[in-house]
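A quick write-up on the structure given underneath.
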Amino acid sequence: IRPPPEWAPYIVRPDFVGAIVMFHQNACSQQACHLAKQIRQLLLLLCSVSGIFQDKAQRKLYAQFFCEGSQQLVSLSAASLQQQHDDASAISALVFDSFSLVSRLLTNFRLDTLSDLPSFPLLLDALRDSGMALSRANHQESLQVQGDVNSMEHGEWREEALALMLEVIVLLCQDPWLRDQKKE
């Protein structure tokens, strides 16, 4: 997304992005699932912003805000997956949106920028935790239905989430910066 350059002072601000992430956390804590979903969609759009940064330092700072916000969302999804909840649709929406946000972050900012951020290793740890929680939940439910995967109530969306996570991993592995590092 390339907004007009005159929007930069309003969009490229840590307090703006931070306020949206905090607003999302409040919506989640108040069980306002529809509102939380809309806020995550706004975060996805804002993470796609390009072409309005004054310099590399400002672009890197913006990436840092989104890396921290993505890490918080992925950690929240991992925690939600580890707890037993009745609202699987809310959890699946959170998982899909948080993985989509990470995918957008990787696509828009690439590893040459993200690898320098202090929050990037934390984001990768949160992704690992989410993947493990998804796999454990699938395994546990598979045991409950005695291996009949067609009888699994939540297996399909978990498999889709794991596929989305695999796409994130592929984005990481295909990053041109990584290939350039191998040549050295």
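Ordering of the structure tokens sets the chain letters (A, B, ...); residue numbers start at 1 within each chain; ligands are numbered from 1 in the order shown.
Near Ala57 in chain A, within 12 Å and counting only C-alpha atoms, sit Val12, Phe53, Gln54, Lys60, Leu61, Tyr62, Ala63, Gln64, Thr113, Asp116 and Leu117 of chain A; same-chain residues fewer than 3 positions away were not included.
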Extract, using only C-alpha atoms, all DNA, RNA and protein residues at most 10 Å from Arg104 in chain A, discarding same-chain residues fewer than 3 positions from it, and format them as a PDB file with all heavy atoms, in the first residue's frame.
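Dumped to result.pdb:
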ATOM      1  N   LEU A  44      -2.895  -5.432   9.455  1.00  0.00           N
ATOM      2  CA  LEU A  44      -2.403  -6.036   8.209  1.00  0.00           C
ATOM      3  C   LEU A  44      -2.211  -4.974   7.129  1.00  0.00           C
ATOM      4  O   LEU A  44      -1.204  -4.980   6.409  1.00  0.00           O
ATOM      5  CB  LEU A  44      -3.373  -7.106   7.710  1.00  0.00           C
ATOM      6  CG  LEU A  44      -3.222  -8.487   8.291  1.00  0.00           C
ATOM      7  CD1 LEU A  44      -4.419  -9.357   7.940  1.00  0.00           C
ATOM      8  CD2 LEU A  44      -1.947  -9.137   7.807  1.00  0.00           C
ATOM      9  N   LEU A  45      -3.172  -4.077   7.023  1.00  0.00           N
ATOM     10  CA  LEU A  45      -3.058  -3.010   6.021  1.00  0.00           C
ATOM     11  C   LEU A  45      -1.893  -2.079   6.339  1.00  0.00           C
ATOM     12  O   LEU A  45      -1.106  -1.729   5.453  1.00  0.00           O
ATOM     13  CB  LEU A  45      -4.363  -2.212   5.943  1.00  0.00           C
ATOM     14  CG  LEU A  45      -5.552  -2.933   5.341  1.00  0.00           C
ATOM     15  CD1 LEU A  45      -6.822  -2.098   5.488  1.00  0.00           C
ATOM     16  CD2 LEU A  45      -5.292  -3.236   3.871  1.00  0.00           C
ATOM     17  N   LEU A  46      -1.779  -1.683   7.595  1.00  0.00           N
ATOM     18  CA  LEU A  46      -0.704  -0.773   7.975  1.00  0.00           C
ATOM     19  C   LEU A  46       0.673  -1.413   7.815  1.00  0.00           C
ATOM     20  O   LEU A  46       1.646  -0.725   7.503  1.00  0.00           O
ATOM     21  CB  LEU A  46      -0.898  -0.294   9.413  1.00  0.00           C
ATOM     22  CG  LEU A  46      -2.061   0.672   9.637  1.00  0.00           C
ATOM     23  CD1 LEU A  46      -2.287   0.906  11.118  1.00  0.00           C
ATOM     24  CD2 LEU A  46      -1.811   1.983   8.899  1.00  0.00           C
ATOM     25  N   CYS A  47       0.763  -2.712   8.008  1.00  0.00           N
ATOM     26  CA  CYS A  47       2.035  -3.412   7.846  1.00  0.00           C
ATOM     27  C   CYS A  47       2.452  -3.466   6.370  1.00  0.00           C
ATOM     28  O   CYS A  47       3.605  -3.709   6.057  1.00  0.00           O
ATOM     29  CB  CYS A  47       1.931  -4.820   8.429  1.00  0.00           C
ATOM     30  SG  CYS A  47       3.510  -5.652   8.576  1.00  0.00           S
ATOM     31  N   SER A  48       1.517  -3.201   5.481  1.00  0.00           N
ATOM     32  CA  SER A  48       1.788  -3.226   4.042  1.00  0.00           C
ATOM     33  C   SER A  48       2.255  -1.881   3.502  1.00  0.00           C
ATOM     34  O   SER A  48       2.561  -1.760   2.323  1.00  0.00           O
ATOM     35  CB  SER A  48       0.524  -3.638   3.287  1.00  0.00           C
ATOM     36  OG  SER A  48       0.084  -4.892   3.710  1.00  0.00           O
ATOM     37  N   PHE A  66       6.085  -3.032  14.084  1.00  0.00           N
ATOM     38  CA  PHE A  66       5.277  -4.154  13.623  1.00  0.00           C
ATOM     39  C   PHE A  66       5.849  -5.497  14.037  1.00  0.00           C
ATOM     40  O   PHE A  66       5.106  -6.454  14.241  1.00  0.00           O
ATOM     41  CB  PHE A  66       5.031  -4.078  12.119  1.00  0.00           C
ATOM     42  CG  PHE A  66       3.834  -3.252  11.826  1.00  0.00           C
ATOM     43  CD1 PHE A  66       3.961  -1.937  11.475  1.00  0.00           C
ATOM     44  CD2 PHE A  66       2.562  -3.774  11.985  1.00  0.00           C
ATOM     45  CE1 PHE A  66       2.850  -1.146  11.256  1.00  0.00           C
ATOM     46  CE2 PHE A  66       1.448  -3.003  11.773  1.00  0.00           C
ATOM     47  CZ  PHE A  66       1.590  -1.680  11.406  1.00  0.00           C
ATOM     48  N   SER A  98      -2.631 -13.542  12.893  1.00  0.00           N
ATOM     49  CA  SER A  98      -1.273 -13.290  13.392  1.00  0.00           C
ATOM     50  C   SER A  98      -0.236 -13.866  12.433  1.00  0.00           C
ATOM     51  O   SER A  98       0.779 -13.219  12.154  1.00  0.00           O
ATOM     52  CB  SER A  98      -1.097 -13.823  14.812  1.00  0.00           C
ATOM     53  OG  SER A  98      -1.242 -15.207  14.877  1.00  0.00           O
ATOM     54  N   PHE A  99      -0.477 -15.051  11.886  1.00  0.00           N
ATOM     55  CA  PHE A  99       0.451 -15.616  10.906  1.00  0.00           C
ATOM     56  C   PHE A  99       0.458 -14.787   9.622  1.00  0.00           C
ATOM     57  O   PHE A  99       1.503 -14.607   9.000  1.00  0.00           O
ATOM     58  CB  PHE A  99       0.097 -17.064  10.575  1.00  0.00           C
ATOM     59  CG  PHE A  99       0.376 -18.046  11.688  1.00  0.00           C
ATOM     60  CD1 PHE A  99       0.037 -19.376  11.544  1.00  0.00           C
ATOM     61  CD2 PHE A  99       0.963 -17.672  12.884  1.00  0.00           C
ATOM     62  CE1 PHE A  99       0.279 -20.309  12.552  1.00  0.00           C
ATOM     63  CE2 PHE A  99       1.214 -18.582  13.904  1.00  0.00           C
ATOM     64  CZ  PHE A  99       0.870 -19.906  13.725  1.00  0.00           C
ATOM     65  N   SER A 100      -0.694 -14.280   9.225  1.00  0.00           N
ATOM     66  CA  SER A 100      -0.767 -13.420   8.033  1.00  0.00           C
ATOM     67  C   SER A 100       0.008 -12.128   8.247  1.00  0.00           C
ATOM     68  O   SER A 100       0.667 -11.627   7.326  1.00  0.00           O
ATOM     69  CB  SER A 100      -2.223 -13.093   7.690  1.00  0.00           C
ATOM     70  OG  SER A 100      -2.917 -14.252   7.339  1.00  0.00           O
ATOM     71  N   LEU A 101      -0.058 -11.593   9.461  1.00  0.00           N
ATOM     72  CA  LEU A 101       0.683 -10.378   9.767  1.00  0.00           C
ATOM     73  C   LEU A 101       2.198 -10.628   9.678  1.00  0.00           C
ATOM     74  O   LEU A 101       2.938  -9.814   9.128  1.00  0.00           O
ATOM     75  CB  LEU A 101       0.301  -9.848  11.153  1.00  0.00           C
ATOM     76  CG  LEU A 101       0.869  -8.493  11.538  1.00  0.00           C
ATOM     77  CD1 LEU A 101       0.426  -7.401  10.579  1.00  0.00           C
ATOM     78  CD2 LEU A 101       0.449  -8.137  12.957  1.00  0.00           C
ATOM     79  N   THR A 107       7.309 -10.061   3.927  1.00  0.00           N
ATOM     80  CA  THR A 107       7.223  -9.653   2.532  1.00  0.00           C
ATOM     81  C   THR A 107       7.584  -8.185   2.359  1.00  0.00           C
ATOM     82  O   THR A 107       8.288  -7.813   1.416  1.00  0.00           O
ATOM     83  CB  THR A 107       5.802  -9.905   1.986  1.00  0.00           C
ATOM     84  OG1 THR A 107       5.496 -11.293   2.133  1.00  0.00           O
ATOM     85  CG2 THR A 107       5.675  -9.510   0.544  1.00  0.00           C
ATOM     86  N   ASN A 108       7.126  -7.353   3.274  1.00  0.00           N
ATOM     87  CA  ASN A 108       7.315  -5.915   3.134  1.00  0.00           C
ATOM     88  C   ASN A 108       8.693  -5.441   3.595  1.00  0.00           C
ATOM     89  O   ASN A 108       9.244  -4.513   3.015  1.00  0.00           O
ATOM     90  CB  ASN A 108       6.222  -5.163   3.896  1.00  0.00           C
ATOM     91  CG  ASN A 108       6.071  -3.731   3.455  1.00  0.00           C
ATOM     92  OD1 ASN A 108       6.455  -3.357   2.351  1.00  0.00           O
ATOM     93  ND2 ASN A 108       5.517  -2.907   4.317  1.00  0.00           N
ATOM     94  N   PHE A 109       9.254  -6.072   4.617  1.00  0.00           N
ATOM     95  CA  PHE A 109      10.491  -5.545   5.193  1.00  0.00           C
ATOM     96  C   PHE A 109      11.714  -6.424   4.974  1.00  0.00           C
ATOM     97  O   PHE A 109      12.830  -5.949   5.104  1.00  0.00           O
ATOM     98  CB  PHE A 109      10.296  -5.266   6.683  1.00  0.00           C
ATOM     99  CG  PHE A 109       9.311  -4.166   6.917  1.00  0.00           C
ATOM    100  CD1 PHE A 109       8.024  -4.456   7.299  1.00  0.00           C
ATOM    101  CD2 PHE A 109       9.668  -2.840   6.719  1.00  0.00           C
ATOM    102  CE1 PHE A 109       7.104  -3.445   7.495  1.00  0.00           C
ATOM    103  CE2 PHE A 109       8.759  -1.822   6.914  1.00  0.00           C
ATOM    104  CZ  PHE A 109       7.468  -2.128   7.308  1.00  0.00           C
ATOM    105  N   ARG A 110      11.550  -7.670   4.689  1.00  0.00           N
ATOM    106  CA  ARG A 110      12.637  -8.595   4.372  1.00  0.00           C
ATOM    107  C   ARG A 110      13.619  -8.766   5.528  1.00  0.00           C
ATOM    108  O   ARG A 110      13.678  -7.998   6.466  1.00  0.00           O
ATOM    109  CB  ARG A 110      13.383  -8.150   3.115  1.00  0.00           C
ATOM    110  CG  ARG A 110      12.541  -8.111   1.869  1.00  0.00           C
ATOM    111  CD  ARG A 110      12.165  -9.475   1.490  1.00  0.00           C
ATOM    112  NE  ARG A 110      11.424  -9.469   0.217  1.00  0.00           N
ATOM    113  CZ  ARG A 110      11.044 -10.552  -0.351  1.00  0.00           C
ATOM    114  NH1 ARG A 110      11.303 -11.722   0.176  1.00  0.00           N
ATOM    115  NH2 ARG A 110      10.382 -10.509  -1.470  1.00  0.00           N
ATOM    116  N   VAL A 168       5.066 -19.070   5.913  1.00  0.00           N
ATOM    117  CA  VAL A 168       5.921 -18.083   6.569  1.00  0.00           C
ATOM    118  C   VAL A 168       7.363 -18.587   6.596  1.00  0.00           C
ATOM    119  O   VAL A 168       8.305 -17.842   6.305  1.00  0.00           O
ATOM    120  CB  VAL A 168       5.403 -17.769   7.996  1.00  0.00           C
ATOM    121  CG1 VAL A 168       6.423 -16.986   8.804  1.00  0.00           C
ATOM    122  CG2 VAL A 168       4.078 -17.016   7.936  1.00  0.00           C
ATOM    123  N   LEU A 171       8.863 -18.244   3.218  1.00  0.00           N
ATOM    124  CA  LEU A 171       9.235 -16.846   2.972  1.00  0.00           C
ATOM    125  C   LEU A 171      10.584 -16.523   3.621  1.00  0.00           C
ATOM    126  O   LEU A 171      11.424 -15.845   3.023  1.00  0.00           O
ATOM    127  CB  LEU A 171       8.174 -15.896   3.532  1.00  0.00           C
ATOM    128  CG  LEU A 171       6.977 -15.597   2.664  1.00  0.00           C
ATOM    129  CD1 LEU A 171       5.946 -14.772   3.437  1.00  0.00           C
ATOM    130  CD2 LEU A 171       7.386 -14.865   1.401  1.00  0.00           C
TER     131      LEU A 171
END
Could you list, with a cut-off of 10 Å and counting only C-alpha atoms, the residues of range 42-120 of chain A near range 140-155 of chain A, each shown with its nearest atom pair and the distance in Å rounded to one decimal, rows sorted by chain and ascending number, as CSV?
residue,atom,partner,partner_atom,distance
A:Ala88,CA,A:His154,CA,7.6
A:Ser89,CA,A:His154,CA,9.5
A:Ser92,CA,A:His154,CA,9.2
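Reported to one decimal place, the separation of CA of Ser103 in chain A from CA of Cys173 in chain A is 12.3 Å.
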Exercise for the section: Could you please determine the separation between CA of Val74 in chain A and CA of Ile1 in chain A in Å, to one decimal place? Expected result: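 Here the two named atoms are 23.1 Å from each other.
The closest residue to Gln174 in chain A, picked from A:Ala27, A:Ala90, A:Leu111, A:Ala79 and counting only C-alpha atoms, is A:Leu111.
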Exercise for the section: Might you pull out every residue within 12 Å of Pro4 in chain A, with only C-alpha atoms counted and same-chain residues fewer than 6 positions away left off, and present them as a ChimeraX atom specification? Expected result: /A:10-11,49-53
Practice task
Pick out the closest residue to Leu134 in chain A from this set: A:Cys33, A:Ile39, A:Leu81, A:Leu105. Count only C-alpha atoms.
Solution key: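 Comparing A:Cys33, A:Ile39, A:Leu81, A:Leu105 against Leu134 in chain A, the winner is A:Leu81.
The interatomic distance for the pair CA of Ile20 in chain A and CA of Asp125 in chain A works out to 22.9 Å.
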Practice task
Would you return as number ranges by chain the members of chain A that DSSP assigns to helix (DSSP H, G or I) on this structure's backbone?
Solution key: A: 5-11, 14-29, 33-47, 56-82, 88-114, 120-144, 149-151, 155-174, 176-183
Store the residues of this selection in a file with C-alpha atoms, as a compact mmCIF listing (two decimals), in the first residue's frame.
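The resulting again.txt:
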# COMPACT_ATOMS: atom_id res chain seq x y z
CA PRO A 5 3.60 11.02 1.25
CA GLU A 6 1.76 13.70 3.22
CA TRP A 7 0.18 10.91 5.31
CA ALA A 8 3.57 9.78 6.62
CA PRO A 9 3.55 11.99 9.74
CA TYR A 10 0.26 10.38 10.77
CA ILE A 11 0.98 6.77 9.90
CA PRO A 14 5.24 4.58 17.18
CA ASP A 15 2.40 5.89 19.31
CA PHE A 16 -0.11 5.28 16.50
CA VAL A 17 0.90 1.67 15.86
CA GLY A 18 1.33 1.03 19.58
CA ALA A 19 -2.13 2.41 20.31
CA ILE A 20 -3.69 0.10 17.72
CA VAL A 21 -1.91 -2.95 19.18
CA MET A 22 -3.02 -1.92 22.69
CA PHE A 23 -6.57 -1.38 21.44
CA HIS A 24 -6.48 -4.93 20.06
CA GLN A 25 -5.33 -6.31 23.39
CA ASN A 26 -8.19 -4.50 25.15
CA ALA A 27 -10.72 -5.83 22.64
CA CYS A 28 -9.42 -9.38 23.18
CA SER A 29 -9.56 -9.07 26.95
CA CYS A 33 -13.93 -10.85 18.95
CA HIS A 34 -15.44 -9.03 15.97
CA LEU A 35 -13.76 -5.76 16.94
CA ALA A 36 -10.45 -7.54 17.55
CA LYS A 37 -10.70 -9.12 14.08
CA GLN A 38 -11.27 -5.69 12.48
CA ILE A 39 -8.29 -4.25 14.34
CA ARG A 40 -6.08 -7.10 13.10
CA GLN A 41 -7.23 -6.35 9.54
CA LEU A 42 -6.19 -2.72 10.06
CA LEU A 43 -2.80 -3.88 11.33
CA LEU A 44 -2.40 -6.04 8.21
CA LEU A 45 -3.06 -3.01 6.02
CA LEU A 46 -0.70 -0.77 7.98
CA CYS A 47 2.03 -3.41 7.85
CA LYS A 56 16.07 3.64 5.99
CA ALA A 57 16.14 4.49 9.70
CA GLN A 58 12.47 5.48 9.68
CA ARG A 59 11.55 2.36 7.70
CA LYS A 60 13.48 0.21 10.18
CA LEU A 61 11.75 1.88 13.12
CA TYR A 62 8.35 1.21 11.54
CA ALA A 63 9.37 -2.42 11.00
CA GLN A 64 10.35 -2.61 14.68
CA PHE A 65 6.86 -1.49 15.76
CA PHE A 66 5.28 -4.15 13.62
CA CYS A 67 7.74 -6.82 14.65
CA GLU A 68 6.88 -6.15 18.30
CA GLY A 69 3.14 -6.04 17.55
CA SER A 70 3.33 -9.26 15.52
CA GLN A 71 5.25 -10.95 18.30
CA GLN A 72 2.54 -9.96 20.78
CA LEU A 73 -0.21 -11.31 18.50
CA VAL A 74 1.61 -14.57 17.80
CA SER A 75 2.33 -15.00 21.52
CA LEU A 76 -1.34 -14.36 22.28
CA SER A 77 -2.35 -16.98 19.73
CA ALA A 78 0.13 -19.48 21.22
CA ALA A 79 -1.28 -18.85 24.71
CA SER A 80 -4.84 -19.21 23.42
CA LEU A 81 -3.98 -22.49 21.73
CA GLN A 82 -2.45 -23.88 24.93
CA ALA A 88 -12.50 -22.18 18.35
CA SER A 89 -13.56 -19.70 15.67
CA ALA A 90 -12.10 -16.77 17.63
CA ILE A 91 -8.86 -18.67 18.23
CA SER A 92 -8.57 -19.75 14.61
CA ALA A 93 -9.15 -16.17 13.43
CA LEU A 94 -6.46 -14.92 15.80
CA VAL A 95 -4.00 -17.59 14.64
CA PHE A 96 -4.65 -16.98 10.93
CA ASP A 97 -4.44 -13.21 11.29
CA SER A 98 -1.27 -13.29 13.39
CA PHE A 99 0.45 -15.62 10.91
CA SER A 100 -0.77 -13.42 8.03
CA LEU A 101 0.68 -10.38 9.77
CA VAL A 102 4.06 -12.11 10.08
CA SER A 103 3.88 -13.08 6.41
CA ARG A 104 3.14 -9.47 5.47
CA LEU A 105 5.97 -8.25 7.70
CA LEU A 106 8.44 -10.61 5.99
CA THR A 107 7.22 -9.65 2.53
CA ASN A 108 7.32 -5.92 3.13
CA PHE A 109 10.49 -5.54 5.19
CA ARG A 110 12.64 -8.59 4.37
CA LEU A 111 15.30 -10.20 6.51
CA ASP A 112 18.02 -7.62 5.87
CA THR A 113 15.93 -5.20 7.93
CA LEU A 114 14.23 -7.60 10.34
CA PHE A 120 12.81 -10.47 15.70
CA PRO A 121 14.22 -13.47 17.65
CA LEU A 122 11.27 -13.13 20.04
CA LEU A 123 8.90 -13.24 17.09
CA LEU A 124 10.55 -16.40 15.80
CA ASP A 125 10.28 -17.95 19.28
CA ALA A 126 6.56 -17.07 19.38
CA LEU A 127 6.07 -18.68 15.95
CA ARG A 128 7.77 -21.83 17.21
CA ASP A 129 5.55 -21.88 20.29
CA SER A 130 2.41 -21.44 18.17
CA GLY A 131 3.44 -24.23 15.82
CA MET A 132 4.14 -26.54 18.73
CA ALA A 133 0.79 -25.67 20.34
CA LEU A 134 -1.04 -26.37 17.07
CA SER A 135 0.73 -29.71 16.65
CA ARG A 136 0.09 -30.73 20.26
CA ALA A 137 -3.59 -29.83 20.02
CA ASN A 138 -3.92 -31.85 16.81
CA HIS A 139 -2.12 -34.79 18.41
CA GLN A 140 -4.25 -34.63 21.54
CA GLU A 141 -7.49 -34.49 19.57
CA SER A 142 -6.27 -37.32 17.32
CA LEU A 143 -5.74 -39.46 20.42
CA GLN A 144 -9.23 -38.61 21.65
CA VAL A 149 -8.77 -37.69 11.60
CA ASN A 150 -12.12 -37.31 9.84
CA SER A 151 -13.74 -37.16 13.28
CA GLY A 155 -8.22 -30.58 12.83
CA GLU A 156 -9.03 -28.87 9.56
CA TRP A 157 -8.44 -25.29 10.68
CA ARG A 158 -5.33 -26.33 12.61
CA GLU A 159 -3.93 -27.98 9.48
CA GLU A 160 -4.67 -24.80 7.51
CA ALA A 161 -2.92 -22.75 10.20
CA LEU A 162 0.11 -25.04 10.06
CA ALA A 163 0.13 -24.68 6.26
CA LEU A 164 0.11 -20.90 6.66
CA MET A 165 2.95 -21.19 9.13
CA LEU A 166 4.85 -23.29 6.61
CA GLU A 167 4.36 -20.50 4.06
CA VAL A 168 5.92 -18.08 6.57
CA ILE A 169 8.89 -20.43 6.96
CA VAL A 170 9.25 -20.67 3.17
CA LEU A 171 9.24 -16.85 2.97
CA LEU A 172 12.03 -16.80 5.52
CA CYS A 173 14.07 -19.40 3.64
CA GLN A 174 13.57 -17.77 0.24
CA PRO A 176 17.26 -12.91 -0.99
CA TRP A 177 19.33 -11.67 1.97
CA LEU A 178 19.72 -15.25 3.20
CA ARG A 179 20.88 -16.43 -0.21
CA ASP A 180 23.40 -13.57 -0.37
CA GLN A 181 24.72 -14.54 3.08
CA LYS A 182 25.34 -18.10 1.87
CA LYS A 183 27.57 -16.81 -0.95
